[in-house]
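For reference, the structure is listed below as structure tokens.
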Amino acid sequence: MPLLGWLLRPGRLILLALLVAAIVAGIAYGSWIHSQLRAIGVITTAYETPVLSWATRKVTKEPTLADTSIAGVPATVARPGGDGPWPTILLLNGATEAGRRDADVVRVALGLARVGYLVAIPDTPSLLAGDATVDVLDRTLAVSRALASRQGTRDGRLGIVGLGLGGTFGLLVAQDSQLAPRISTVVAITPVTDLVELGRLATTGYTRVQNGYAKRPVPRELRASVIDAIVQTLPDDPASRLVRQALANAGNDPLAALDRVPLDLLDDDTAAVVALLRNDDPRRYDRLYAALPPEIRSTVERLSPLEGASRLRAPVEIATAADDPYVPLAQARALERASDAVRVTVADAFSSTGGAPSLDDAGAFFAIDGLIVRALKNAAR
């Protein structure tokens with residue numbers, strides 16, 4: 001396609017208009033426009049666009065990638081060119097087989113590093129791997145504390161960007177009493193905010209809404225991972241091993257596998273968990289959940305950011321799709337109602353099942369751009 005034709009495509013016109021506006025208005029609008037310029041740098045690095053990506057590389061210093069260890073956890077660090085200290089971002093990836101080496105995750109890290117942010121990507125869990133555990137939270141907290149104290153981190157402060165369950169753990173980090181004053185911002189893309197309510201969805205196919213319950217399709221992977229996360233809260237004993245073995249051989253239907261578990265071989269605590277997971281009535285769910293052992297409820301609630309919403313101090317940006325199949329919009333809205341620090345952006349571009357959003361989609365571009373501008377502005381404070 002001739003260059004002029006490419007430039008006249010709608011998405012490229014948006015990018016060009018933003019770039020020109022940023023340059024012209026730079027003096028008048030100060031820090032906001034500085035963040036807009038950085039946002040363009042991030043977007044044109046993460047999503048290759050002829051001319052603008054080339055221009056970004058020409059006016060910014062080349063970042064570097066290095067493998068390291070932070071608080072004993074393997075991590076990849078994207079470092080800006082030049083000398084620090086830099087505003088620092090903890091990037092927590094979500095469900096991807098490649099983990100911190102996922103090409104899209106690395107491109108985002110390089111985009112942030114190219115515009116002046118130090119970015120650390122530790123080995124973190126995904127909900128689809130069933131790793132929503134207190135041990136993983138403790139590991140993420142340890143990484144956050146070490147990164148805040150790391151040489152090169154400006155003013156000992158962190159911004160957090162989390163994808164999927166990475167967003168959930170990012171919100172939990174921001175609620176920690178020691179770290180909360182050191183968190184500059186949190187950006188969470190389709191995070192789970194309430195594991196209790198997600199359990200209702202996974203087991204019954206219904207989620208709570210303001211006027212009652214709404215039925216939703218439940219992907220098999222979501223059902224399996226949430227059930228596994230709840231079972232992981234049980235102590236390692238013969239009864240729980242019986243349940244885990246049944247789930248390991250469940251195939252495509254973990255609920256059917258639980259129906260075959262003999263209840264007379266289970267202790268009371270394990271039987272209560274199985275009763276909750278077997279239930280398909282959304283109205284009975286609350287009573288069955290209340291019957292779980294206190295230590296199990298405590299664990300589930302500790303991993304639910306909604307429970308600690310009042311402890312959020314930093315600005316929080318949640319991005320999600322209106323009809324995400326894995327994480328209902330109601331999860332984000334519940335946290336938004338519970339905390340004045342939370343702002344929710346809704347756009348199909350943020351669906352957990354979608355690929356990289358097209359920059360020819362004006363709505364998707366402006367949703368992404370606005371969120372990035374606000375986040376970069378907060379992270380640089």
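Just remember, in the structure tokens the first chain shown is A, the second B, etc., residues are 1-based per chain, and ligands are 1-based in the order shown.
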
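Residues of segment 185-377 of chain A that DSSP, applied to the backbone, places in strand (DSSP E or B): Thr185, Val186, Val187, Ala188, Ile189, Tyr206, Thr207, Arg208, Val209, Gly212, Tyr213, Ala214, Lys215, Val316, Glu317, Ile318, Ala319, Thr320, Val342, Arg343, Val344, Thr345 and Val346 of chain A.
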
request  = Extract, using only C-alpha atoms, all DNA, RNA and protein residues at most 6 Å from Thr190 of chain A, discarding same-chain residues fewer than 5 positions from it, and format them as a list in words.
outcome  = Gly164, Ala319 and Thr320 of chain A

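Atom CA of Ile183 of chain A to atom CA of Glu197 of chain A spans 26.9 Å [interatomic distance, one decimal].
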
Residues near segment 134-141 of chain A, anyone? I mean within 10 Å using only C-alpha atoms, not counting same-chain ones fewer than 5 positions away, as a PDB file with C-alpha atoms, in the first residue's frame.
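Output saved as part.pdb:
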```pdb
ATOM      1  CA  ALA A  71      13.354 -11.536  46.296  1.00  0.00           C
ATOM      2  CA  GLY A  72      14.353 -14.970  45.033  1.00  0.00           C
ATOM      3  CA  VAL A  73      11.787 -14.905  42.203  1.00  0.00           C
ATOM      4  CA  LEU A  90       5.767  -3.924  38.423  1.00  0.00           C
ATOM      5  CA  LEU A  92       2.196  -8.851  36.523  1.00  0.00           C
ATOM      6  CA  PRO A 122       8.388 -11.534  37.810  1.00  0.00           C
ATOM      7  CA  ASP A 123       7.254 -15.124  37.323  1.00  0.00           C
ATOM      8  CA  THR A 124       3.639 -14.827  38.413  1.00  0.00           C
ATOM      9  CA  PRO A 125       0.588 -17.061  38.242  1.00  0.00           C
ATOM     10  CA  ALA A 146      12.306  -5.678  47.113  1.00  0.00           C
ATOM     11  CA  LEU A 147      11.602  -3.768  43.894  1.00  0.00           C
ATOM     12  CA  GLY A 166      -1.990 -10.377  37.775  1.00  0.00           C
ATOM     13  CA  THR A 168      -5.981  -9.166  41.155  1.00  0.00           C
ATOM     14  CA  PHE A 169      -2.618  -9.568  42.869  1.00  0.00           C
ATOM     15  CA  GLY A 170      -1.698  -5.997  41.961  1.00  0.00           C
ATOM     16  CA  LEU A 172      -3.930  -6.917  46.787  1.00  0.00           C
ATOM     17  CA  VAL A 173      -0.394  -5.511  46.867  1.00  0.00           C
ATOM     18  CA  ALA A 174      -1.817  -1.977  46.840  1.00  0.00           C
ATOM     19  CA  ASP A 176      -0.927  -4.048  51.961  1.00  0.00           C
ATOM     20  CA  GLN A 178       3.373  -1.431  54.377  1.00  0.00           C
ATOM     21  CA  LEU A 179       3.252  -0.999  50.617  1.00  0.00           C
ATOM     22  CA  THR A 233      -7.461 -24.152  50.480  1.00  0.00           C
ATOM     23  CA  THR A 299      -8.152 -17.526  52.733  1.00  0.00           C
ATOM     24  CA  VAL A 300     -10.687 -16.949  49.946  1.00  0.00           C
ATOM     25  CA  ARG A 302      -7.845 -12.551  51.668  1.00  0.00           C
ATOM     26  CA  LEU A 303      -7.445 -13.200  47.954  1.00  0.00           C
TER      27      LEU A 303
END
```

key: Point-to-point distance from atom CA of Leu195 of chain A to atom CA of Arg297 of chain A, Å rounded to tenths   =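 Taking atom CA of Leu195 of chain A as the start and atom CA of Arg297 of chain A as the end point, the length is 10.3 Å.
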
request  = Pick out the closest residue to Gln151 of chain A from this set: A:Arg182, A:Arg114, A:Arg220, A:Arg79. Count only C-alpha atoms.
outcome  = A:Arg79

task = Would you list, as an MDAnalysis selection string, the residues of segment 110-303 of chain A that end up in helix (DSSP H, G or I) under DSSP run on this structure's backbone?
result = chainID A and resid 110:114 127:129 134:148 165:174 180:182 195:204 220:231 238:248 254:259 263:265 268:278 285:290 294:302

For C-alpha atoms, I'd like the residues from the last selection saved as a CSV table (one decimal), in the first residue's frame.
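File written: selection.csv
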```csv
chain,number,residue,atom,x,y,z
A,110,LEU,CA,9.8,-2.4,26.3
A,111,GLY,CA,7.3,0.3,25.3
A,112,LEU,CA,7.2,1.5,28.9
A,113,ALA,CA,11.0,1.3,29.2
A,114,ARG,CA,11.5,3.2,26.0
A,127,LEU,CA,-5.9,-18.1,37.1
A,128,LEU,CA,-6.1,-20.8,34.5
A,129,ALA,CA,-3.1,-22.5,36.1
A,134,VAL,CA,-1.8,-17.1,49.6
A,135,ASP,CA,1.7,-18.4,48.9
A,136,VAL,CA,1.7,-16.7,45.5
A,137,LEU,CA,0.4,-13.5,47.2
A,138,ASP,CA,3.2,-13.6,49.7
A,139,ARG,CA,5.7,-14.1,46.9
A,140,THR,CA,4.3,-11.1,45.0
A,141,LEU,CA,4.4,-8.9,48.1
A,142,ALA,CA,8.0,-9.9,48.7
A,143,VAL,CA,8.9,-9.0,45.1
A,144,SER,CA,7.1,-5.6,45.5
A,145,ARG,CA,9.0,-4.7,48.6
A,146,ALA,CA,12.3,-5.7,47.1
A,147,LEU,CA,11.6,-3.8,43.9
A,148,ALA,CA,10.6,-0.6,45.8
A,165,LEU,CA,-5.1,-12.5,37.8
A,166,GLY,CA,-2.0,-10.4,37.8
A,167,GLY,CA,-4.4,-7.4,38.2
A,168,THR,CA,-6.0,-9.2,41.2
A,169,PHE,CA,-2.6,-9.6,42.9
A,170,GLY,CA,-1.7,-6.0,42.0
A,171,LEU,CA,-4.8,-4.8,43.8
A,172,LEU,CA,-3.9,-6.9,46.8
A,173,VAL,CA,-0.4,-5.5,46.9
A,174,ALA,CA,-1.8,-2.0,46.8
A,180,ALA,CA,0.1,1.1,50.2
A,181,PRO,CA,2.0,4.5,50.8
A,182,ARG,CA,4.6,3.5,48.2
A,195,LEU,CA,-13.4,-14.9,44.5
A,196,VAL,CA,-16.4,-15.6,46.6
A,197,GLU,CA,-18.8,-14.3,43.9
A,198,LEU,CA,-16.7,-16.0,41.2
A,199,GLY,CA,-17.2,-19.2,43.0
A,200,ARG,CA,-21.0,-18.8,42.7
A,201,LEU,CA,-20.6,-18.2,38.9
A,202,ALA,CA,-18.3,-21.2,38.5
A,203,THR,CA,-20.5,-23.7,40.4
A,204,THR,CA,-24.0,-22.5,39.5
A,220,ARG,CA,-14.8,-25.0,31.2
A,221,GLU,CA,-11.4,-23.6,32.0
A,222,LEU,CA,-12.8,-21.0,34.4
A,223,ARG,CA,-15.0,-23.6,36.2
A,224,ALA,CA,-12.0,-25.9,36.6
A,225,SER,CA,-9.6,-23.3,37.8
A,226,VAL,CA,-12.0,-21.7,40.3
A,227,ILE,CA,-12.9,-25.2,41.7
A,228,ASP,CA,-9.2,-26.0,42.0
A,229,ALA,CA,-8.5,-22.7,43.7
A,230,ILE,CA,-11.1,-23.5,46.4
A,231,VAL,CA,-9.9,-27.1,46.8
A,238,PRO,CA,-6.5,-38.3,52.9
A,239,ALA,CA,-10.0,-36.7,52.4
A,240,SER,CA,-8.7,-33.7,50.4
A,241,ARG,CA,-6.4,-36.0,48.4
A,242,LEU,CA,-9.5,-38.1,47.5
A,243,VAL,CA,-11.1,-34.9,46.1
A,244,ARG,CA,-8.0,-33.8,44.3
A,245,GLN,CA,-7.6,-37.2,42.7
A,246,ALA,CA,-11.2,-37.1,41.4
A,247,LEU,CA,-10.6,-33.6,39.9
A,248,ALA,CA,-7.3,-34.7,38.3
A,254,PRO,CA,-15.1,-31.3,37.2
A,255,LEU,CA,-18.6,-31.0,38.7
A,256,ALA,CA,-19.5,-34.5,37.5
A,257,ALA,CA,-16.3,-35.8,39.0
A,258,LEU,CA,-17.2,-34.3,42.4
A,259,ASP,CA,-20.6,-36.0,42.2
A,263,LEU,CA,-19.2,-38.2,51.1
A,264,ASP,CA,-19.0,-40.9,53.8
A,265,LEU,CA,-15.2,-41.0,53.3
A,268,ASP,CA,-16.7,-32.4,57.8
A,269,ASP,CA,-14.5,-29.7,56.4
A,270,THR,CA,-13.9,-31.4,53.1
A,271,ALA,CA,-17.6,-32.4,52.9
A,272,ALA,CA,-18.6,-28.8,53.3
A,273,VAL,CA,-16.3,-27.8,50.4
A,274,VAL,CA,-17.7,-30.5,48.2
A,275,ALA,CA,-21.3,-29.6,49.1
A,276,LEU,CA,-20.6,-26.0,48.0
A,277,LEU,CA,-19.0,-27.1,44.7
A,278,ARG,CA,-21.8,-29.5,43.9
A,285,TYR,CA,-24.7,-20.6,47.6
A,286,ASP,CA,-24.4,-18.0,50.4
A,287,ARG,CA,-25.6,-20.5,53.1
A,288,LEU,CA,-23.2,-23.2,51.9
A,289,TYR,CA,-20.3,-20.7,51.7
A,290,ALA,CA,-21.0,-19.6,55.3
A,294,PRO,CA,-13.4,-20.2,59.0
A,295,GLU,CA,-9.8,-20.7,57.8
A,296,ILE,CA,-11.0,-21.5,54.3
A,297,ARG,CA,-13.3,-18.5,54.1
A,298,SER,CA,-10.5,-16.3,55.5
A,299,THR,CA,-8.2,-17.5,52.7
A,300,VAL,CA,-10.7,-16.9,49.9
A,301,GLU,CA,-11.5,-13.5,51.3
A,302,ARG,CA,-7.8,-12.6,51.7
```

inquiry  = Just to confirm, what's the straight-line distance from atom CA of Asp194 of chain A to atom CA of Leu306 of chain A in Å (one decimal)?
reply    =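 Separation of atom CA of Asp194 of chain A and atom CA of Leu306 of chain A: 5.7 Å.
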
task = Would you kindly return, as a VMD selection string, each protein, DNA or RNA residue with an atom no farther than 6 Å from any atom of segment 154-158 of chain A, considering only C-alpha atoms and excluding same-chain residues fewer than 5 positions away?
result = chain A and resid 85 to 89 148 to 149 182 to 184

Any chance you could export the current selection's N, CA and C atoms as a PDB file, in the first residue's frame?
```pdb
ATOM      1  N   PRO A  85      17.795   7.303  38.824  1.00  0.00           N
ATOM      2  CA  PRO A  85      16.652   6.394  39.026  1.00  0.00           C
ATOM      3  C   PRO A  85      15.463   6.761  38.144  1.00  0.00           C
ATOM      4  N   TRP A  86      14.572   5.769  37.954  1.00  0.00           N
ATOM      5  CA  TRP A  86      13.415   5.940  37.093  1.00  0.00           C
ATOM      6  C   TRP A  86      12.118   5.633  37.852  1.00  0.00           C
ATOM      7  N   PRO A  87      11.005   6.210  37.404  1.00  0.00           N
ATOM      8  CA  PRO A  87       9.719   5.701  37.911  1.00  0.00           C
ATOM      9  C   PRO A  87       9.627   4.223  37.533  1.00  0.00           C
ATOM     10  N   THR A  88       9.135   3.414  38.444  1.00  0.00           N
ATOM     11  CA  THR A  88       9.229   1.954  38.280  1.00  0.00           C
ATOM     12  C   THR A  88       7.854   1.319  38.265  1.00  0.00           C
ATOM     13  N   ILE A  89       7.713   0.313  37.397  1.00  0.00           N
ATOM     14  CA  ILE A  89       6.440  -0.392  37.237  1.00  0.00           C
ATOM     15  C   ILE A  89       6.661  -1.886  37.424  1.00  0.00           C
ATOM     16  N   ALA A 148      10.679  -2.025  45.307  1.00  0.00           N
ATOM     17  CA  ALA A 148      10.581  -0.649  45.806  1.00  0.00           C
ATOM     18  C   ALA A 148      11.893  -0.167  46.410  1.00  0.00           C
ATOM     19  N   SER A 149      12.670  -1.095  46.968  1.00  0.00           N
ATOM     20  CA  SER A 149      13.939  -0.741  47.605  1.00  0.00           C
ATOM     21  C   SER A 149      15.127  -0.908  46.667  1.00  0.00           C
ATOM     22  N   ARG A 182       3.519   3.434  49.181  1.00  0.00           N
ATOM     23  CA  ARG A 182       4.573   3.454  48.161  1.00  0.00           C
ATOM     24  C   ARG A 182       4.040   3.137  46.766  1.00  0.00           C
ATOM     25  N   ILE A 183       2.740   2.897  46.647  1.00  0.00           N
ATOM     26  CA  ILE A 183       2.155   2.572  45.350  1.00  0.00           C
ATOM     27  C   ILE A 183       1.632   3.850  44.700  1.00  0.00           C
ATOM     28  N   SER A 184       2.108   4.139  43.492  1.00  0.00           N
ATOM     29  CA  SER A 184       1.704   5.371  42.807  1.00  0.00           C
ATOM     30  C   SER A 184       0.419   5.193  42.024  1.00  0.00           C
TER      31      SER A 184
END
```

request  = Compare A:Thr207, A:Asn249, A:Ser177, A:Thr153 by their minimum atom-to-atom distance to Asp83 of chain A, counting only C-alpha atoms, and give me the closest one.
outcome  =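 Closest residue, counting only C-alpha atoms: A:Thr153.
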